[in-house]
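Peer 1: Before I ask anything, here is the structure I am working with.
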Amino acid sequence: MMEKMIFGRYIPGDSFVHRLDPRSKLIFVFAFIVIVFLANNAVTYAFILAFTLFVIFMSKIRLYFLINGLKPVIILLVFTFLIHILFTREGDILFELGFFKVYEEGLRQGIFISIRFLVLVFMTSILTLTTSPISITDGIEVLLNPLKKLKMPVHELALMMSIALRFIPTLMDETDKIMKAQMARGSDLSAGPLKDRLKAVVPLLVPLFVSAFKRAEDLATAMEVRGYRGGEGRTRYRQLKWDWRDSSSIIVLVVMTAVLIFFRS
Amino acid sequence: MDIKLQQVSYAYSMGTPFEKFALFDVDLTIPSKTYQAIIGHTGSGKSTILQHFNGLLKPSKGQVHIGERVIEAGKKAKELKPIRQKVGIVFQFPEHQLFEETVLKDIMFGPMNFGVSEQEAEQRARELIKLVGLPEGVLNKSPFDLSGGQMRRVAIAGVLAMDPEVIVLDEPTAGLDPRGQREIMDMFYQLHKERGLTTILVTHSMEDAARYADNIAIMHEGHCVLSGTPREIFADGKTLENYRLELPHIVRFQQKIEAMLNQKLSKICLTEEELAEEVARALREGRDVQ
């Protein structure tokens, strides 16, 4: 079940998108999330959709894989689409079946909102699929650096984030292992009435918490014995490098914003 | 209860870019009441194979026969509970599965899931705690107050309490002190003999396999490359080396003695006791000839 989930997963690769600096990718995605809302007619929506498909193509991630992995989101998408079709009552009636009427505006809005939703989900997934969690946190740390002047513990926040991300796969493996051990002892998480299923979660959660705390303690000790003292004066092993790809992607972003503003109605 | 794997392949994350085959066309038959060892290097697929023995994993290709039941690739497998009662698995580091307030309750968890009455489950727990070598007093303690070795024994008791016909052991002694290792392995062997359990031992210890197993299967990169009795397997050290495995200490020691005596012993010895006897006999015969 969890094998098919692609949220927060990283697929190593060597495409143009993979080689972008995490800073430019982060800036790009956050700006993109904002400018998507500039689109308000057929031309602009077609433009952002086409651009997203282009980015997917550039990242060399199979579209089929992306769609398959985002199935739960797509169910939500269909649901929003139907809500729009059913409840927007403007424009001409396109289709009528008893009291069920489809209005032109409803169809239009439904399609637009679905595209917006899809594009946002695709873009953010591409970000996490092509950037290792470590580089994402590195990027965030550097981008948030100005906030240090306001006494924000930026380095500590980034460290917490990278530790959390680092341990997601470990905890997933652990969950899987403990789940199997309890299933082998006849506990059943997937059948029976809700009350029994909730009860079956206890044998899973208790060992998981025990091991998570143990791990946290071990990690803290390991960091302490090696003299870890936070960000002050600390050099980096992984240097971020801004090159022509990053500059060009920011230029593309600016151009895209201009195009959207020009063509929006 | 016989267990039979026919042309079993298994891939993790089927149908994604992470797809990775861990088993390729594995054929393995484990007759009832035998002691089967499965040996392999890290990443050879031995942990994947053991999860097929009670339907925790379903083969991507091929069939698994567990007694009368057949679990087949591409078909929904329902009602696996009876199989899981009959095939108990002691996973690697089983102490991680403990969760109850008291040791007693934790041991009773398995049997009660399979519909055993409370009194019966409690009685089994009281018997088993002695069998695994712990005083009855620990039954009322929290499992988290015990030492690692004691927790291991409690977890093993928890699996045995299900009263399985087949017991699958995944590196059951990893991380224990040598004496504890021997005690646990001897206990499983005794159970195997007394209760007629089918025992499947997944390990990378050649010594344990040599000492206890009736049959040995060697796994290498997802393939079952060699299978036979310990004497057949250990007759040839060269083949094993190809799979990054070594002969057991005792067999290597025998080879040295043979070189020293300049004479072959009559059979490959699998335990220290056996070797001592053989050497004594060889020496005696040598003297008689003189």
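Each chain in the structure tokens gets a letter, A, B and so on, in the order shown; residues start at 1 in every chain, and ligands are counted from 1 in the order they appear.
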List as a ChimeraX atom specification the protein and nucleic acid residues near Arg62 (chain A), meaning an atom at most 10 Å away when only C-alpha atoms are counted, but skip any in the same chain fewer than 6 places from it.

Peer 2: /A:56,68 /B:16-17

Peer 1: Restrict the selected residues to C-alpha atoms and save them as a PDB file, in the first residue's frame.

Peer 2:
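This is the output file part09.pdb:
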```pdb
ATOM      1  CA  ILE A  56       7.476  16.872 -16.198  1.00  0.00           C
ATOM      2  CA  ASN A  68      -0.523   6.395 -10.503  1.00  0.00           C
TER       3      ASN A  68
ATOM      4  CA  THR B  16       6.943   1.696  -9.904  1.00  0.00           C
ATOM      5  CA  PRO B  17      10.435   2.973 -10.722  1.00  0.00           C
TER       6      PRO B  17
END
```

Peer 1: Find the residues in chain B near chain A: any atom within 6 Å counts, using only C-alpha atoms. Write them as a list of chain:residue names.

Peer 2: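 Output check: B:Ser13, B:Arg84, B:Gln97, B:Phe99, B:Gly110, B:Asn113.
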
Peer 1: Quick one: write out the picked residues with C-alpha atoms as a PDB file, in the first residue's frame?

Peer 2:
```pdb
ATOM      1  CA  SER B  13       7.181  -2.044  -5.279  1.00  0.00           C
ATOM      2  CA  ARG B  84      -0.649 -17.829  10.575  1.00  0.00           C
ATOM      3  CA  GLN B  97       7.308  -6.622  19.000  1.00  0.00           C
ATOM      4  CA  PHE B  99       3.974  -4.039  23.753  1.00  0.00           C
ATOM      5  CA  GLY B 110      -0.915 -14.480  20.136  1.00  0.00           C
ATOM      6  CA  ASN B 113      -5.962 -13.669  18.746  1.00  0.00           C
TER       7      ASN B 113
END
```

Peer 1: As a ChimeraX atom specification, please: the residues near Pro94 (chain B) (cut-off 12 Å, only C-alpha atoms, same-chain neighbours under 4 positions excluded).

Peer 2: /A:177-178,180-182,184-185,207 /B:89-90,98-99,148-159,169-175

Peer 1: Store the residues picked out above, limited to C-alpha atoms, as a compact mmCIF listing (two decimals), in the first residue's frame.

Peer 2:
```txt
# COMPACT_ATOMS: atom_id res chain seq x y z
CA LYS A 177 8.33 -4.81 10.36
CA ILE A 178 6.30 -4.52 13.55
CA LYS A 180 4.22 -8.01 10.08
CA ALA A 181 5.39 -9.37 13.42
CA GLN A 182 1.99 -8.65 14.98
CA ALA A 184 2.17 -13.21 12.33
CA ARG A 185 0.82 -13.30 15.90
CA PRO A 207 6.67 -0.68 19.99
CA ILE B 89 7.53 -16.71 12.73
CA VAL B 90 10.18 -15.48 15.13
CA LEU B 98 6.62 -6.56 22.76
CA PHE B 99 3.97 -4.04 23.75
CA GLY B 148 17.57 -7.46 26.01
CA GLY B 149 18.21 -11.19 26.27
CA GLN B 150 15.24 -11.71 28.55
CA MET B 151 13.00 -9.71 26.21
CA ARG B 152 14.12 -11.95 23.37
CA ARG B 153 13.07 -15.03 25.32
CA VAL B 154 9.69 -13.51 26.17
CA ALA B 155 9.09 -12.71 22.50
CA ILE B 156 9.99 -16.26 21.53
CA ALA B 157 7.58 -17.58 24.16
CA GLY B 158 4.93 -15.32 22.63
CA VAL B 159 5.30 -17.04 19.27
CA LEU B 169 13.30 -18.56 12.86
CA ASP B 170 15.03 -15.51 11.40
CA GLU B 171 18.48 -15.17 12.98
CA PRO B 172 16.98 -15.95 16.38
CA THR B 173 20.26 -15.54 18.25
CA ALA B 174 21.64 -12.38 16.64
CA GLY B 175 23.15 -10.12 19.28
```

Peer 1: Show which residues sit within 12 Å of Arg211 (chain B), as a list in words. Count only C-alpha atoms, and ignore same-chain residues fewer than 6 positions away.

Peer 2: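 With the cut-off at 12 Å, the set is Tyr35, Gln36, Ala37, Arg182, Met185, Asp186, Tyr189, Leu201, Ser205, Thr229, Pro230, Arg231, Pro248, His249, Ile250, Val251, Ile268, Cys269, Leu270, Thr271, Glu272, Glu273, Glu274 and Leu275 of chain B.
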
Peer 1: Take the selection from the previous step and output its residues with C-alpha atoms, as a tab-separated table (two decimals), in the first residue's frame.

Peer 2:
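Final output, result_16.tsv:
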```tsv
chain	number	residue	atom	x	y	z
B	35	TYR	CA	14.70	-29.06	10.13
B	36	GLN	CA	15.46	-26.85	7.16
B	37	ALA	CA	18.19	-24.23	7.19
B	182	ARG	CA	23.56	-22.01	22.43
B	185	MET	CA	19.28	-22.96	19.67
B	186	ASP	CA	19.26	-26.10	21.82
B	189	TYR	CA	16.11	-28.23	18.62
B	201	LEU	CA	16.05	-21.62	10.34
B	205	SER	CA	25.75	-19.08	10.72
B	229	THR	CA	21.85	-32.38	3.31
B	230	PRO	CA	24.61	-30.67	5.30
B	231	ARG	CA	27.12	-33.36	4.27
B	248	PRO	CA	31.73	-24.27	9.08
B	249	HIS	CA	34.71	-24.00	11.47
B	250	ILE	CA	34.40	-27.63	12.34
B	251	VAL	CA	34.65	-28.81	8.73
B	268	ILE	CA	32.25	-35.13	7.10
B	269	CYS	CA	31.69	-34.27	10.75
B	270	LEU	CA	29.15	-31.60	11.59
B	271	THR	CA	29.74	-31.12	15.31
B	272	GLU	CA	32.72	-31.07	17.64
B	273	GLU	CA	31.55	-34.25	19.33
B	274	GLU	CA	31.32	-36.11	16.05
B	275	LEU	CA	34.77	-34.99	14.97
```

Peer 1: What's around region 42-50 of chain A at 10 Å? Count only C-alpha atoms, leave out sequence neighbours fewer than 3 positions away in its own chain, and write the answer as a count of residues only.

Peer 2: 27
